[in-house]
>>> print(open('run.cif').read())   # mmCIF, C-alpha atoms
data_model
#
loop_
_atom_site.group_PDB
_atom_site.id
_atom_site.type_symbol
_atom_site.label_atom_id
_atom_site.label_comp_id
_atom_site.auth_asym_id
_atom_site.auth_seq_id
_atom_site.Cartn_x
_atom_site.Cartn_y
_atom_site.Cartn_z
ATOM 1 C CA MET D 218 91.160 79.249 60.432
ATOM 2 C CA ALA D 219 92.275 82.185 58.327
ATOM 3 C CA SER D 220 92.566 81.472 54.626
ATOM 4 C CA VAL D 221 94.144 83.061 51.574
ATOM 5 C CA GLN D 222 93.944 82.005 47.939
ATOM 6 C CA LEU D 223 96.655 82.194 45.327
ATOM 7 C CA ASN D 224 95.356 82.221 41.759
ATOM 8 C CA GLY D 225 97.374 79.442 40.163
ATOM 9 C CA ALA D 226 96.239 80.453 36.672
ATOM 10 C CA ALA D 227 98.112 83.748 37.161
ATOM 11 C CA ILE D 228 101.347 82.014 38.199
ATOM 12 C CA VAL D 229 103.406 81.280 35.091
ATOM 13 C CA ASP D 230 106.909 81.940 36.449
ATOM 14 C CA GLU D 231 108.636 83.005 39.663
ATOM 15 C CA ALA D 232 107.981 86.708 39.040
ATOM 16 C CA SER D 233 104.238 86.138 38.724
ATOM 17 C CA PHE D 234 104.291 83.967 41.879
ATOM 18 C CA HIS D 235 105.762 86.880 43.808
ATOM 19 C CA ALA D 236 103.285 89.330 42.273
ATOM 20 C CA GLU D 237 100.393 87.037 43.220
ATOM 21 C CA SER D 238 101.852 86.552 46.715
ATOM 22 C CA ARG D 239 102.260 90.305 47.133
ATOM 23 C CA ARG D 240 98.579 90.758 46.206
ATOM 24 C CA ALA D 241 97.217 87.881 48.299
ATOM 25 C CA PHE D 242 99.298 88.347 51.445
ATOM 26 C CA GLY D 243 99.627 92.118 51.403
ATOM 27 C CA PHE D 244 103.407 92.074 51.617
ATOM 28 C CA PRO D 245 105.083 95.437 52.307
ATOM 29 C CA GLU D 246 106.527 97.659 49.582
ATOM 30 C CA SER D 247 110.001 96.515 50.647
ATOM 31 C CA TYR D 248 109.227 92.898 49.637
ATOM 32 C CA ALA D 249 112.182 91.760 47.522
ATOM 33 C CA ASP D 250 110.393 89.270 45.210
ATOM 34 C CA SER D 251 112.516 86.327 46.316
ATOM 35 C CA ILE D 252 111.749 83.078 48.113
ATOM 36 C CA ASP D 253 113.907 84.249 51.037
ATOM 37 C CA ALA D 254 111.774 87.394 51.344
ATOM 38 C CA TRP D 255 108.619 85.241 51.121
ATOM 39 C CA VAL D 256 109.855 83.087 54.019
ATOM 40 C CA ASP D 257 110.797 86.164 56.038
ATOM 41 C CA CYS D 258 107.361 87.757 55.605
ATOM 42 C CA MET D 259 105.541 84.513 56.419
ATOM 43 C CA SER D 260 107.606 84.073 59.581
ATOM 44 C CA TYR D 261 105.914 87.068 61.257
ATOM 45 C CA LEU D 262 102.274 86.009 61.086
ATOM 46 C CA ARG D 263 101.785 86.214 64.863
ATOM 47 C CA ASP D 264 103.809 89.372 65.410
ATOM 48 C CA GLU D 265 102.932 93.029 64.993
ATOM 49 C CA GLU D 266 105.535 93.567 62.274
ATOM 50 C CA ASN D 267 102.926 94.106 59.511
ATOM 51 C CA MET D 268 104.814 91.860 57.086
ATOM 52 C CA THR D 269 101.460 90.569 55.772
ATOM 53 C CA LYS D 270 97.866 91.696 56.065
ATOM 54 C CA PHE D 271 97.333 88.773 58.444
ATOM 55 C CA GLN D 272 97.980 88.814 62.178
ATOM 56 C CA LEU D 273 97.220 85.395 63.557
ATOM 57 C CA LYS D 274 96.163 84.728 67.115
ATOM 58 C CA PRO D 275 98.123 82.172 69.158
ATOM 59 C CA ASN D 276 97.558 78.695 67.694
ATOM 60 C CA GLU D 277 95.633 80.095 64.684
ATOM 61 C CA VAL D 278 96.596 78.691 61.290
ATOM 62 C CA LEU D 279 96.658 80.414 57.918
ATOM 63 C CA GLU D 280 95.582 78.080 55.134
ATOM 64 C CA ILE D 281 97.255 78.910 51.832
ATOM 65 C CA VAL D 282 95.047 77.578 49.037
ATOM 66 C CA VAL D 283 96.690 77.377 45.623
ATOM 67 C CA LEU D 284 93.885 77.281 43.094
ATOM 68 C CA GLU D 285 94.533 75.518 39.785
ATOM 69 C CA ALA D 286 97.689 73.996 41.232
ATOM 70 C CA GLU D 287 98.104 71.749 38.185
ATOM 71 C CA LYS D 288 98.599 74.834 36.020
ATOM 72 C CA VAL D 289 101.308 76.059 38.384
ATOM 73 C CA LYS D 290 102.989 72.660 38.293
ATOM 74 C CA ALA D 291 102.944 72.662 34.483
ATOM 75 C CA ALA D 292 104.264 76.214 34.151
ATOM 76 C CA VAL D 293 106.802 76.226 37.006
ATOM 77 C CA PRO D 294 107.497 72.555 37.825
ATOM 78 C CA ASP D 295 109.568 72.992 40.996
ATOM 79 C CA LEU D 296 107.688 75.911 42.543
ATOM 80 C CA LEU D 297 105.020 74.008 44.489
ATOM 81 C CA GLU D 298 107.643 71.685 45.936
ATOM 82 C CA GLU D 299 109.714 74.688 46.989
ATOM 83 C CA ILE D 300 106.699 76.380 48.584
ATOM 84 C CA SER D 301 105.840 73.178 50.441
ATOM 85 C CA PHE D 302 109.424 72.919 51.690
ATOM 86 C CA CYS D 303 109.319 76.557 52.841
ATOM 87 C CA VAL D 304 105.978 76.102 54.620
ATOM 88 C CA GLY D 305 107.473 73.128 56.486
ATOM 89 C CA GLY D 306 110.533 75.157 57.450
ATOM 90 C CA ILE D 307 108.436 78.097 58.625
ATOM 91 C CA ASN D 308 106.275 75.780 60.737
ATOM 92 C CA GLU D 309 109.429 74.274 62.261
ATOM 93 C CA ARG D 310 110.591 77.785 63.102
ATOM 94 C CA TYR D 311 107.323 78.453 64.947
ATOM 95 C CA GLU D 312 107.685 75.141 66.800
ATOM 96 C CA ASP D 313 111.262 76.037 67.775
ATOM 97 C CA TYR D 314 109.780 79.072 69.553
ATOM 98 C CA GLY D 315 107.274 76.880 71.391
ATOM 99 C CA GLU D 316 104.347 77.810 69.154
ATOM 100 C CA GLN D 317 101.987 75.748 67.048
ATOM 101 C CA PRO D 318 102.589 75.617 63.278
ATOM 102 C CA ALA D 319 101.086 78.650 61.555
ATOM 103 C CA LEU D 320 100.656 77.487 57.952
ATOM 104 C CA LYS D 321 98.731 74.855 56.041
ATOM 105 C CA LEU D 322 99.223 74.441 52.295
ATOM 106 C CA THR D 323 96.280 73.183 50.231
ATOM 107 C CA LEU D 324 96.579 72.492 46.505
ATOM 108 C CA ARG D 325 93.384 72.543 44.474
#
>>> encode(input="run.cif", output="structure tokens")
Amino acid sequence: MASVQLNGAAIVDEASFHAESRRAFGFPESYADSIDAWVDCMSYLRDEENMTKFQLKPNEVLEIVVLEAEKVKAAVPDLLEEISFCVGGINERYEDYGEQPALKLTLR
């Protein structure tokens, strides 16, 4: 399973979440620093679109590990819930196309 870590200590607001995501996932220069752009980029993990530095094989899963998740929750209370909701929606999108879910969210 592929894995990526987000440094929760560096996430103090939505802007820093997007900066940390840009660093961790290797989003393209055109990344718009919005949750919609995050979902769009994460929806192409098995395609050759180069929306992230990851290109998953069929049925491979990318584990997103949020380190120091309690700090994120304290600084940006709704963010982890929103990310979890988005991960679920992205996985549903993959399933709608007959594929296995592509993401697993782990809070540490």
>>> resolve_selection(input="run.cif", expression="the PyMOL selection byres ((chain D and resi 230) around 10)", output="ChimeraX atom specification")
/D:227-229,231-235,289,292-294,296
>>> resolve_selection(input="run.cif", expression="the PyMOL selection byres ((chain D and resi 301) around 12)", output="PDB file with C-alpha atoms, keeping the file's coordinate frame")
ATOM      1  CA  ILE D 252     111.749  83.078  48.113  1.00  0.00           C
ATOM      2  CA  VAL D 256     109.855  83.087  54.019  1.00  0.00           C
ATOM      3  CA  ILE D 281      97.255  78.910  51.832  1.00  0.00           C
ATOM      4  CA  VAL D 282      95.047  77.578  49.037  1.00  0.00           C
ATOM      5  CA  VAL D 283      96.690  77.377  45.623  1.00  0.00           C
ATOM      6  CA  ASP D 295     109.568  72.992  40.996  1.00  0.00           C
ATOM      7  CA  LEU D 296     107.688  75.911  42.543  1.00  0.00           C
ATOM      8  CA  LEU D 297     105.020  74.008  44.489  1.00  0.00           C
ATOM      9  CA  GLU D 298     107.643  71.685  45.936  1.00  0.00           C
ATOM     10  CA  GLU D 299     109.714  74.688  46.989  1.00  0.00           C
ATOM     11  CA  ILE D 300     106.699  76.380  48.584  1.00  0.00           C
ATOM     12  CA  PHE D 302     109.424  72.919  51.690  1.00  0.00           C
ATOM     13  CA  CYS D 303     109.319  76.557  52.841  1.00  0.00           C
ATOM     14  CA  VAL D 304     105.978  76.102  54.620  1.00  0.00           C
ATOM     15  CA  GLY D 305     107.473  73.128  56.486  1.00  0.00           C
ATOM     16  CA  GLY D 306     110.533  75.157  57.450  1.00  0.00           C
ATOM     17  CA  ILE D 307     108.436  78.097  58.625  1.00  0.00           C
ATOM     18  CA  ASN D 308     106.275  75.780  60.737  1.00  0.00           C
ATOM     19  CA  LEU D 320     100.656  77.487  57.952  1.00  0.00           C
ATOM     20  CA  LYS D 321      98.731  74.855  56.041  1.00  0.00           C
ATOM     21  CA  LEU D 322      99.223  74.441  52.295  1.00  0.00           C
ATOM     22  CA  THR D 323      96.280  73.183  50.231  1.00  0.00           C
ATOM     23  CA  LEU D 324      96.579  72.492  46.505  1.00  0.00           C
TER      24      LEU D 324
END
>>> residues_around(input="run.cif", residues="segment 239-243 of chain D", least_positions_apart="2", cutoff="10 Å", atoms="all atoms listed in the file", output="VMD selection string")
chain D and resid 221 to 224 233 to 237 245 to 246 248 250 255 258 to 259 267 to 271 281
>>> resolve_selection(input="run.cif", expression="the PyMOL selection byres ((chain D and resi 273) around 12)", output="ChimeraX atom specification")
/D:218-220,259-272,274-280,316-320
>>> atom_distance(input="run.cif", atom1="atom CA of Gly315 of chain D", atom2="atom CA of Ser247 of chain D")
28.7 Å
>>> closest_residue(input="run.cif", among="D:Gly225, D:Ser238, D:Ala249, D:Ala254", to="Ala291 of chain D", atoms="all atoms listed in the file")
D:Gly225
